[in-house]
$ cat target-v3.cif   # mmCIF, C-alpha atoms
data_run
loop_
_atom_site.label_atom_id
_atom_site.label_comp_id
_atom_site.auth_asym_id
_atom_site.auth_seq_id
_atom_site.Cartn_x
_atom_site.Cartn_y
_atom_site.Cartn_z
CA MET A 1 18.82 179.49 -91.75
CA LEU A 2 17.47 177.80 -94.86
CA HIS A 3 14.88 179.61 -96.89
CA ARG A 4 11.50 177.94 -96.81
CA PRO A 5 9.26 178.41 -99.85
CA ARG A 6 6.10 180.27 -99.04
CA PRO A 7 2.97 178.09 -99.30
CA SER A 8 0.45 179.04 -101.96
CA PHE A 9 -2.46 181.03 -100.53
CA GLY A 10 -5.04 183.41 -101.97
CA THR A 11 -3.84 186.79 -103.15
CA ARG A 12 -6.24 189.29 -101.61
CA ALA A 13 -8.23 187.44 -98.96
CA VAL A 14 -7.29 184.79 -96.43
CA ALA A 15 -9.67 182.81 -94.24
CA ALA A 16 -9.74 184.06 -90.68
CA LEU A 17 -8.33 181.56 -88.21
CA VAL A 18 -8.52 181.31 -84.45
CA LEU A 19 -5.25 179.73 -83.47
CA THR A 20 -5.43 179.14 -79.76
CA ALA A 21 -6.47 175.65 -78.66
CA GLY A 22 -9.97 175.41 -77.29
CA ILE A 23 -11.23 178.65 -78.85
CA GLY A 24 -14.21 178.34 -81.13
CA ALA A 25 -15.15 181.94 -81.78
CA ALA A 26 -16.42 182.69 -85.25
CA PRO A 27 -13.97 184.51 -87.53
CA VAL A 28 -14.61 188.11 -88.44
CA SER A 29 -13.69 189.97 -91.58
CA VAL A 30 -11.89 193.27 -91.12
CA PRO A 31 -12.47 195.62 -94.06
CA ALA A 32 -9.60 197.84 -95.06
CA ALA A 33 -11.70 201.01 -95.03
CA PRO A 34 -10.68 203.87 -92.71
CA PRO A 35 -12.67 203.79 -89.46
CA LYS A 36 -14.93 206.67 -88.47
CA ALA A 37 -13.16 206.99 -85.11
CA ALA A 38 -9.72 206.62 -86.56
CA LEU A 39 -6.62 205.36 -84.88
CA ALA A 40 -3.50 207.50 -85.22
CA PRO A 41 -2.71 207.72 -88.97
CA ILE A 42 0.48 206.01 -90.10
CA ALA A 43 2.20 206.83 -93.37
CA VAL A 44 3.06 203.72 -95.38
CA ALA A 45 6.13 203.70 -97.59
CA THR A 46 6.70 201.85 -100.82
CA PRO A 47 9.05 198.86 -100.19
CA THR A 48 12.46 200.23 -101.17
CA ARG A 49 15.91 200.30 -99.60
CA GLN A 50 15.16 203.79 -98.27
CA ALA A 51 11.88 202.56 -96.77
CA ASP A 52 13.74 199.62 -95.21
CA ASP A 53 16.22 202.03 -93.61
CA ALA A 54 13.31 204.13 -92.37
CA GLY A 55 11.75 201.02 -90.89
CA ARG A 56 14.93 200.32 -88.98
CA LEU A 57 15.00 203.82 -87.46
CA VAL A 58 11.38 203.41 -86.38
CA PHE A 59 12.18 200.00 -84.92
CA LEU A 60 15.09 201.41 -82.91
CA LEU A 61 12.79 204.00 -81.34
CA GLU A 62 10.01 201.51 -80.59
CA TYR A 63 12.37 198.90 -79.18
CA ALA A 64 14.25 201.35 -76.95
CA GLY A 65 11.03 202.89 -75.64
CA MET A 66 9.61 199.51 -74.65
CA ASP A 67 12.79 197.82 -73.42
CA TYR A 68 13.75 200.64 -71.06
CA GLU A 69 11.33 199.45 -68.36
CA ASN A 70 13.39 196.25 -68.05
CA ALA A 71 16.53 198.30 -67.38
CA VAL A 72 15.53 201.04 -64.93
CA ARG A 73 13.14 201.09 -61.98
CA ASP A 74 12.68 203.87 -59.46
CA GLY A 75 15.69 205.71 -60.88
CA ASN A 76 18.00 202.74 -60.46
CA VAL A 77 19.57 200.54 -63.12
CA VAL A 78 18.32 197.01 -62.44
CA ASP A 79 19.83 195.41 -65.54
CA GLN A 80 23.06 196.95 -66.77
CA ALA A 81 23.05 194.95 -70.02
CA GLU A 82 19.53 196.11 -70.89
CA TYR A 83 20.34 199.70 -69.94
CA GLY A 84 23.45 199.68 -72.11
CA GLU A 85 21.43 198.23 -74.98
CA VAL A 86 18.82 201.01 -74.76
CA LEU A 87 21.57 203.63 -74.78
CA ARG A 88 23.21 202.01 -77.83
CA LEU A 89 19.90 201.78 -79.70
CA LEU A 90 19.19 205.46 -79.15
CA GLN A 91 22.73 206.39 -80.16
CA GLU A 92 22.27 204.42 -83.38
CA LEU A 93 18.92 206.13 -83.93
CA ALA A 94 20.46 209.58 -83.43
CA ARG A 95 23.34 208.81 -85.82
CA GLY A 96 21.14 207.22 -88.47
CA TYR A 97 18.53 209.94 -88.40
CA GLY A 98 21.15 212.68 -88.24
CA ALA A 99 22.73 211.35 -91.43
CA ARG A 100 19.51 211.65 -93.44
CA LYS A 101 19.07 214.54 -95.87
CA ASP A 102 15.37 214.73 -94.97
CA ARG A 103 16.03 215.08 -91.24
CA SER A 104 14.01 217.52 -89.20
CA VAL A 105 15.60 219.69 -86.52
CA ALA A 106 12.52 219.20 -84.32
CA VAL A 107 12.67 215.40 -84.58
CA ALA A 108 16.43 215.34 -84.01
CA THR A 109 15.94 217.52 -80.93
CA ALA A 110 13.24 215.17 -79.62
CA ILE A 111 15.54 212.17 -80.10
CA ALA A 112 18.26 213.99 -78.15
CA ALA A 113 15.77 214.79 -75.36
CA LEU A 114 14.78 211.13 -75.17
CA GLN A 115 18.45 210.18 -74.86
CA LYS A 116 18.82 212.61 -71.95
CA ASP A 117 15.76 211.12 -70.24
CA VAL A 118 17.35 207.67 -70.46
CA GLU A 119 20.73 208.94 -69.28
CA ARG A 120 19.18 210.54 -66.19
CA ARG A 121 17.13 207.37 -65.57
CA ALA A 122 13.70 208.95 -65.88
CA PRO A 123 10.62 206.87 -64.97
CA ALA A 124 9.82 204.11 -67.45
CA GLU A 125 6.31 205.43 -68.17
CA GLN A 126 7.76 208.84 -69.02
CA VAL A 127 10.29 207.36 -71.44
CA PHE A 128 7.67 205.13 -73.05
CA ALA A 129 5.22 208.04 -73.42
CA ALA A 130 7.93 210.25 -74.95
CA SER A 131 8.89 207.53 -77.44
CA ARG A 132 5.24 207.04 -78.49
CA LYS A 133 4.74 210.80 -78.87
CA LEU A 134 7.85 210.99 -81.06
CA LEU A 135 6.94 207.95 -83.14
CA PRO A 136 4.44 209.50 -85.63
CA ARG A 137 6.71 212.53 -86.08
CA LEU A 138 9.66 210.27 -86.91
CA ILE A 139 7.56 208.19 -89.31
CA ALA A 140 6.29 211.29 -91.12
CA SER A 141 9.81 212.72 -91.31
CA VAL A 142 11.31 209.61 -92.94
CA GLY A 143 8.49 209.34 -95.49
CA GLY A 144 6.49 206.48 -94.02
CA VAL A 145 7.24 202.89 -93.07
CA PRO A 146 6.63 199.54 -94.79
CA GLY A 147 3.17 198.06 -94.33
CA PRO A 148 1.61 194.73 -95.36
CA ALA A 149 0.68 194.52 -99.03
CA ASP A 150 -1.83 191.73 -98.44
CA PRO A 151 -3.78 190.42 -95.45
CA PRO A 152 -1.64 188.14 -93.28
CA ASN A 153 -2.10 184.38 -93.17
CA LEU A 154 -2.19 183.36 -89.52
CA ALA A 155 -1.81 179.66 -90.28
CA SER A 156 1.43 180.42 -92.13
CA GLY A 157 2.53 182.65 -89.24
CA ARG A 158 1.86 179.91 -86.74
CA ARG A 159 3.84 177.32 -88.72
CA LEU A 160 6.82 179.63 -89.06
CA TYR A 161 6.65 180.61 -85.39
CA GLU A 162 6.55 176.99 -84.24
CA THR A 163 9.51 176.07 -86.45
CA ASP A 164 11.82 179.06 -86.02
CA CYS A 165 10.66 181.13 -83.02
CA ALA A 166 9.39 178.63 -80.45
CA PRO A 167 12.86 177.11 -79.81
CA CYS A 168 13.76 180.40 -78.06
CA HIS A 169 10.48 182.18 -77.30
CA GLY A 170 8.57 179.03 -76.34
CA GLU A 171 5.53 177.36 -77.84
CA THR A 172 3.18 179.70 -76.01
CA GLY A 173 5.46 182.76 -76.19
CA ALA A 174 6.55 182.60 -72.53
CA GLY A 175 10.26 182.96 -73.40
CA ASP A 176 10.94 179.42 -72.19
CA GLY A 177 11.89 177.54 -75.35
CA PRO A 178 14.40 174.67 -75.20
CA SER A 179 17.17 176.90 -76.55
CA SER A 180 16.54 179.71 -74.05
CA PRO A 181 18.60 178.55 -71.02
CA GLY A 182 21.81 180.57 -70.71
CA MET A 183 20.85 183.22 -73.27
CA THR A 184 21.87 186.74 -72.23
CA PRO A 185 19.67 188.67 -72.55
CA PRO A 186 16.95 186.00 -72.38
CA PRO A 187 14.45 185.67 -75.24
CA THR A 188 11.50 188.03 -75.12
CA ALA A 189 8.46 186.68 -73.32
CA PHE A 190 5.28 187.74 -75.13
CA ARG A 191 3.38 188.28 -71.91
CA GLY A 192 1.56 190.92 -69.88
CA ALA A 193 2.02 194.64 -70.43
CA PHE A 194 4.86 194.07 -72.89
CA LEU A 195 2.65 192.16 -75.32
CA GLU A 196 -0.18 194.66 -74.87
CA ARG A 197 2.15 197.44 -76.03
CA LEU A 198 3.59 195.49 -78.95
CA ALA A 199 2.36 196.25 -82.47
CA PRO A 200 2.77 193.75 -85.33
CA ARG A 201 4.93 196.32 -87.15
CA GLN A 202 7.51 196.16 -84.37
CA ILE A 203 7.62 192.36 -84.64
CA TYR A 204 7.96 192.65 -88.43
CA ASN A 205 10.87 195.05 -87.99
CA ALA A 206 12.56 192.74 -85.47
CA LEU A 207 12.29 189.91 -87.99
CA THR A 208 13.60 192.16 -90.76
CA HIS A 209 16.53 193.76 -88.94
CA GLY A 210 17.27 191.45 -86.02
CA VAL A 211 17.95 192.82 -82.55
CA PRO A 212 21.51 194.05 -81.87
CA ASP A 213 23.51 192.35 -79.10
CA THR A 214 20.98 189.54 -78.69
CA ALA A 215 20.50 186.08 -80.17
CA MET A 216 17.66 187.42 -82.36
CA PRO A 217 18.86 187.26 -85.99
CA SER A 218 17.48 188.97 -89.06
CA TYR A 219 15.10 186.83 -91.11
CA HIS A 220 15.32 189.18 -94.09
CA GLY A 221 16.95 186.52 -96.25
CA ALA A 222 14.98 183.57 -94.87
CA TYR A 223 11.43 184.96 -95.06
CA ASP A 224 9.84 187.10 -97.73
CA GLU A 225 7.93 190.21 -96.67
CA GLN A 226 4.58 188.43 -96.51
CA GLN A 227 5.96 185.67 -94.29
CA ARG A 228 7.37 188.25 -91.89
CA TRP A 229 3.96 189.90 -91.67
CA ASP A 230 2.35 186.49 -91.17
CA VAL A 231 4.50 185.89 -88.07
CA ALA A 232 4.08 189.48 -86.89
CA PHE A 233 0.29 189.17 -86.90
CA PHE A 234 0.37 185.71 -85.30
CA VAL A 235 2.34 186.75 -82.21
CA PRO A 236 -0.48 188.85 -80.64
CA THR A 237 -2.66 185.71 -80.65
CA LEU A 238 -0.29 184.32 -77.97
CA ARG A 239 -1.98 186.55 -75.38
CA VAL A 240 -2.82 184.59 -72.23
CA GLY A 241 -6.59 184.17 -72.19
CA PHE A 242 -6.92 184.85 -75.92
CA ALA A 243 -10.66 184.41 -76.51
CA PRO A 244 -12.21 186.39 -79.38
CA LYS A 245 -15.67 187.85 -78.79
CA PRO A 246 -17.98 189.74 -81.18
CA LEU A 247 -17.10 193.30 -82.03
CA PRO A 248 -19.23 196.43 -81.60
CA PRO A 249 -21.06 197.36 -84.82
CA GLY A 250 -19.24 199.51 -87.35
CA VAL A 251 -15.69 198.59 -86.33
CA SER A 252 -13.43 198.58 -89.38
CA PRO A 253 -9.78 199.48 -88.77
CA SER A 254 -7.68 199.19 -91.90
CA LEU A 255 -4.95 196.60 -92.38
CA ASP A 256 -2.29 199.28 -91.93
CA GLU A 257 -3.91 200.42 -88.68
CA LEU A 258 -3.98 196.86 -87.38
CA ALA A 259 -0.31 196.50 -88.31
CA SER A 260 0.78 199.69 -86.56
CA SER A 261 -1.43 199.47 -83.45
CA SER A 262 -0.76 197.61 -80.21
CA ASN A 263 -3.46 195.73 -78.35
CA ALA A 264 -3.61 198.59 -75.85
CA GLU A 265 -4.16 201.11 -78.65
CA LEU A 266 -6.82 198.94 -80.29
CA LEU A 267 -8.63 198.60 -76.97
CA ALA A 268 -8.60 202.38 -76.52
CA TYR A 269 -9.96 202.72 -80.06
CA LEU A 270 -12.80 200.27 -79.32
CA GLN A 271 -13.61 201.94 -76.00
CA LYS A 272 -14.12 205.27 -77.75
CA ARG A 273 -16.97 203.58 -79.62
CA ASP A 274 -18.18 201.44 -76.71
CA ALA A 275 -16.96 202.06 -73.16
CA ALA A 276 -17.65 198.42 -72.32
CA ALA A 277 -15.27 197.08 -75.00
CA THR A 278 -12.98 194.31 -73.76
CA PRO A 279 -9.57 192.77 -74.58
CA GLU A 280 -11.45 189.78 -75.98
CA GLN A 281 -12.87 192.04 -78.68
CA VAL A 282 -9.32 193.10 -79.54
CA ASP A 283 -8.63 189.36 -79.83
CA GLN A 284 -11.34 189.22 -82.48
CA LEU A 285 -9.56 191.90 -84.49
CA ARG A 286 -6.36 189.85 -84.22
CA ALA A 287 -8.09 186.58 -85.10
CA GLY A 288 -9.94 187.91 -88.15
CA VAL A 289 -8.12 188.85 -91.34
CA GLY A 290 -9.16 189.38 -94.94
CA VAL A 291 -11.35 191.78 -96.87
#
$ encode --input "target-v3.cif" --output "structure tokens"
Amino acid sequence: MLHRPRPSFGTRAVAALVLTAGIGAAPVSVPAAPPKAALAPIAVATPTRQADDAGRLVFLLEYAGMDYENAVRDGNVVDQAEYGEVLRLLQELARGYGARKDRSVAVATAIAALQKDVERRAPAEQVFAASRKLLPRLIASVGGVPGPADPPNLASGRRLYETDCAPCHGETGAGDGPSSPGMTPPPTAFRGAFLERLAPRQIYNALTHGVPDTAMPSYHGAYDEQQRWDVAFFVPTLRVGFAPKPLPPGVSPSLDELASSSNAELLAYLQKRDAAATPEQVDQLRAGVGV
């Protein structure tokens, strides 16, 4: 893939954009101050080779935890290729983490327990919950993970998505792009519960590292870090029914919290402040960027 120069945008603030056709909700600024009812804290690493390796380990855990539900249902393997992929990802995670000098016995033990859950074909919700419980412990153990240095530019993310991602994932993220027929496994469809569980950081890591044994390549050499974050923050706006609505007063998750949180986690965060909070208010968090 040819490298595309990054367009020139502002350095610290970017205009908020609503990117779904037919949506006219007003943009909202999201200050980078810690919220009073905080989301789970995420350590952010300085961009170095070690941090990049740490990001890959975190990505392996997140990807395996989410992809497992496509492989096993009711104790039965329904997709052997997906099941084998989850096993390989966890094996790579165990090897990579085990080779680190800063490894923790407790984290290594938890990784091994997760592998056993997958091997015995435990329920998907149990595997997902175990992976999410392990996630902050793994991140803390490896010294943090890369986070966005500047607010994302959703217009840039949309352009890059339409050029390089839509051929496989589809213009609307349904996994039905013109290049998708015959792909095994098929391109990810950014739909339903999968998208609700997907954090921008996981998309960033997929762009950075690629996905083993799939047609998803690494864009590390094609996109700079900011461009990868631009795409990562754009993808959640592909939610079916995306329709930003005003937020409850006092909502101010930081940029790092927005990067590391899924739509489901953001909704839970909003509902702690207002039980009537809706997915459309999460859409407003996704649609509004800048400080």
$ resolve_selection --input "target-v3.cif" --expression "the PyMOL selection byres ((chain A and resi 237) around 8)" --output "list in words"
Leu19, Thr20, Phe233, Phe234, Val235, Pro236, Leu238, Arg239, Phe242, Asp283, Arg286 and Ala287 of chain A
$ atom_distance --input "target-v3.cif" --atom1 "CA of Asp117 in chain A" --atom2 "CA of Glu85 in chain A"
14.9 Å
$ residues_around --input "target-v3.cif" --residues "range 174-184 of chain A" --least-positions-apart "4" --cutoff "12 Å" --atoms "all atoms listed in the file" --output "VMD selection string"
chain A and resid 79 to 82 85 161 to 170 188 to 192 194 to 195 213 to 216 235 238 to 240
$ closest_residue --input "target-v3.cif" --among "A:Gly75, A:Leu154, A:Leu61, A:Leu87" --to "Ala129 in chain A" --atoms "all atoms listed in the file"
A:Leu61
$ residues_around --input "target-v3.cif" --residues "Ala124 in chain A" --least-positions-apart "2" --cutoff "10 Å" --atoms "only C-alpha atoms" --output "ChimeraX atom specification"
/A:65-75,117-118,121-122,126-130
$ resolve_selection --input "target-v3.cif" --expression "the PyMOL selection byres ((chain A and resi 271-279) around 10)" --output "JSON, numbers by chain"
{"A": [36, 37, 38, 196, 239, 241, 242, 243, 244, 245, 246, 247, 248, 249, 250, 251, 263, 264, 265, 266, 267, 268, 269, 270, 280, 281, 282, 283, 284, 285]}
$ write_last_selection --input "target-v3.cif" --atoms "C-alpha atoms" --output "mmCIF file, in the coordinates of the input"
data_model
loop_
_atom_site.group_PDB
_atom_site.id
_atom_site.type_symbol
_atom_site.label_atom_id
_atom_site.label_comp_id
_atom_site.auth_asym_id
_atom_site.auth_seq_id
_atom_site.Cartn_x
_atom_site.Cartn_y
_atom_site.Cartn_z
ATOM 1 C CA LYS A 36 -14.930 206.670 -88.470
ATOM 2 C CA ALA A 37 -13.160 206.990 -85.110
ATOM 3 C CA ALA A 38 -9.720 206.620 -86.560
ATOM 4 C CA GLU A 196 -0.180 194.660 -74.870
ATOM 5 C CA ARG A 239 -1.980 186.550 -75.380
ATOM 6 C CA GLY A 241 -6.590 184.170 -72.190
ATOM 7 C CA PHE A 242 -6.920 184.850 -75.920
ATOM 8 C CA ALA A 243 -10.660 184.410 -76.510
ATOM 9 C CA PRO A 244 -12.210 186.390 -79.380
ATOM 10 C CA LYS A 245 -15.670 187.850 -78.790
ATOM 11 C CA PRO A 246 -17.980 189.740 -81.180
ATOM 12 C CA LEU A 247 -17.100 193.300 -82.030
ATOM 13 C CA PRO A 248 -19.230 196.430 -81.600
ATOM 14 C CA PRO A 249 -21.060 197.360 -84.820
ATOM 15 C CA GLY A 250 -19.240 199.510 -87.350
ATOM 16 C CA VAL A 251 -15.690 198.590 -86.330
ATOM 17 C CA ASN A 263 -3.460 195.730 -78.350
ATOM 18 C CA ALA A 264 -3.610 198.590 -75.850
ATOM 19 C CA GLU A 265 -4.160 201.110 -78.650
ATOM 20 C CA LEU A 266 -6.820 198.940 -80.290
ATOM 21 C CA LEU A 267 -8.630 198.600 -76.970
ATOM 22 C CA ALA A 268 -8.600 202.380 -76.520
ATOM 23 C CA TYR A 269 -9.960 202.720 -80.060
ATOM 24 C CA LEU A 270 -12.800 200.270 -79.320
ATOM 25 C CA GLU A 280 -11.450 189.780 -75.980
ATOM 26 C CA GLN A 281 -12.870 192.040 -78.680
ATOM 27 C CA VAL A 282 -9.320 193.100 -79.540
ATOM 28 C CA ASP A 283 -8.630 189.360 -79.830
ATOM 29 C CA GLN A 284 -11.340 189.220 -82.480
ATOM 30 C CA LEU A 285 -9.560 191.900 -84.490
#
$ atom_distance --input "target-v3.cif" --atom1 "CA of Ala64 in chain A" --atom2 "CA of Ser141 in chain A"
18.8 Å
$ atom_distance --input "target-v3.cif" --atom1 "CA of Ala232 in chain A" --atom2 "CA of Tyr204 in chain A"
5.2 Å
$ resolve_selection --input "target-v3.cif" --expression "the PyMOL selection byres ((chain A and resi 227) around 12)" --output "PyMOL selection string"
chain A and resi 3-9+148-161+203-204+207-208+219-226+228-234
$ closest_residue --input "target-v3.cif" --among "A:Gly98, A:Gly84, A:Gly55, A:Pro187" --to "Leu135 in chain A" --atoms "all atoms listed in the file"
A:Gly55
$ closest_residue --input "target-v3.cif" --among "A:Ser104, A:Ser261, A:Gln115, A:Thr109" --to "Tyr83 in chain A" --atoms "only C-alpha atoms"
A:Gln115
$ closest_residue --input "target-v3.cif" --among "A:Ala54, A:Ala94, A:Phe59, A:Arg120" --to "Arg201 in chain A" --atoms "all atoms listed in the file"
A:Phe59
$ closest_residue --input "target-v3.cif" --among "A:Ala193, A:Val86, A:Ala206, A:Leu60" --to "Ser262 in chain A" --atoms "all atoms listed in the file"
A:Ala193
$ decode --input "target-v3.cif" --residues "range 165-175 of chain A" --atoms "all heavy atoms" --output "compact mmCIF listing (two decimals), in the first residue's frame"
# COMPACT_ATOMS: atom_id res chain seq x y z
N CYS A 165 -10.49 0.78 3.67
CA CYS A 165 -11.20 -0.21 4.48
C CYS A 165 -12.51 -0.68 3.84
O CYS A 165 -12.86 -1.86 3.92
CB CYS A 165 -11.51 0.36 5.87
SG CYS A 165 -10.09 1.06 6.73
N ALA A 166 -13.22 0.25 3.20
CA ALA A 166 -14.51 -0.08 2.61
C ALA A 166 -14.46 -1.19 1.56
O ALA A 166 -15.42 -1.95 1.44
CB ALA A 166 -15.15 1.18 2.02
N PRO A 167 -13.37 -1.33 0.78
CA PRO A 167 -13.35 -2.42 -0.19
C PRO A 167 -13.59 -3.80 0.44
O PRO A 167 -14.13 -4.69 -0.22
CB PRO A 167 -11.94 -2.32 -0.80
CG PRO A 167 -11.63 -0.87 -0.74
CD PRO A 167 -12.20 -0.43 0.60
N CYS A 168 -13.19 -3.98 1.70
CA CYS A 168 -13.44 -5.25 2.39
C CYS A 168 -14.61 -5.13 3.37
O CYS A 168 -15.53 -5.94 3.36
CB CYS A 168 -12.19 -5.72 3.13
SG CYS A 168 -10.80 -6.14 2.06
N HIS A 169 -14.56 -4.12 4.23
CA HIS A 169 -15.54 -4.00 5.31
C HIS A 169 -16.86 -3.38 4.87
O HIS A 169 -17.84 -3.44 5.62
CB HIS A 169 -14.94 -3.20 6.47
CG HIS A 169 -13.78 -3.87 7.13
ND1 HIS A 169 -13.91 -4.91 8.02
CD2 HIS A 169 -12.44 -3.65 7.01
CE1 HIS A 169 -12.72 -5.31 8.42
NE2 HIS A 169 -11.81 -4.56 7.83
N GLY A 170 -16.89 -2.79 3.67
CA GLY A 170 -18.12 -2.19 3.17
C GLY A 170 -18.24 -0.73 3.53
O GLY A 170 -17.71 -0.28 4.54
N GLU A 171 -18.95 0.02 2.69
CA GLU A 171 -19.09 1.45 2.91
C GLU A 171 -19.73 1.78 4.25
O GLU A 171 -19.39 2.78 4.88
CB GLU A 171 -19.91 2.07 1.78
CG GLU A 171 -19.19 2.11 0.44
CD GLU A 171 -19.99 2.84 -0.62
OE1 GLU A 171 -21.03 3.44 -0.27
OE2 GLU A 171 -19.58 2.81 -1.79
N THR A 172 -20.67 0.93 4.68
CA THR A 172 -21.35 1.19 5.94
C THR A 172 -20.83 0.29 7.07
O THR A 172 -21.41 0.28 8.16
CB THR A 172 -22.87 0.98 5.79
OG1 THR A 172 -23.13 -0.40 5.48
CG2 THR A 172 -23.43 1.87 4.70
N GLY A 173 -19.77 -0.48 6.79
CA GLY A 173 -19.20 -1.34 7.82
C GLY A 173 -19.89 -2.67 7.99
O GLY A 173 -19.67 -3.37 8.99
N ALA A 174 -20.69 -3.09 7.00
CA ALA A 174 -21.46 -4.33 7.12
C ALA A 174 -20.66 -5.57 6.71
O ALA A 174 -21.21 -6.68 6.71
CB ALA A 174 -22.73 -4.24 6.28
N GLY A 175 -19.37 -5.39 6.37
CA GLY A 175 -18.55 -6.54 5.98
C GLY A 175 -18.84 -7.03 4.57
O GLY A 175 -18.50 -8.17 4.24
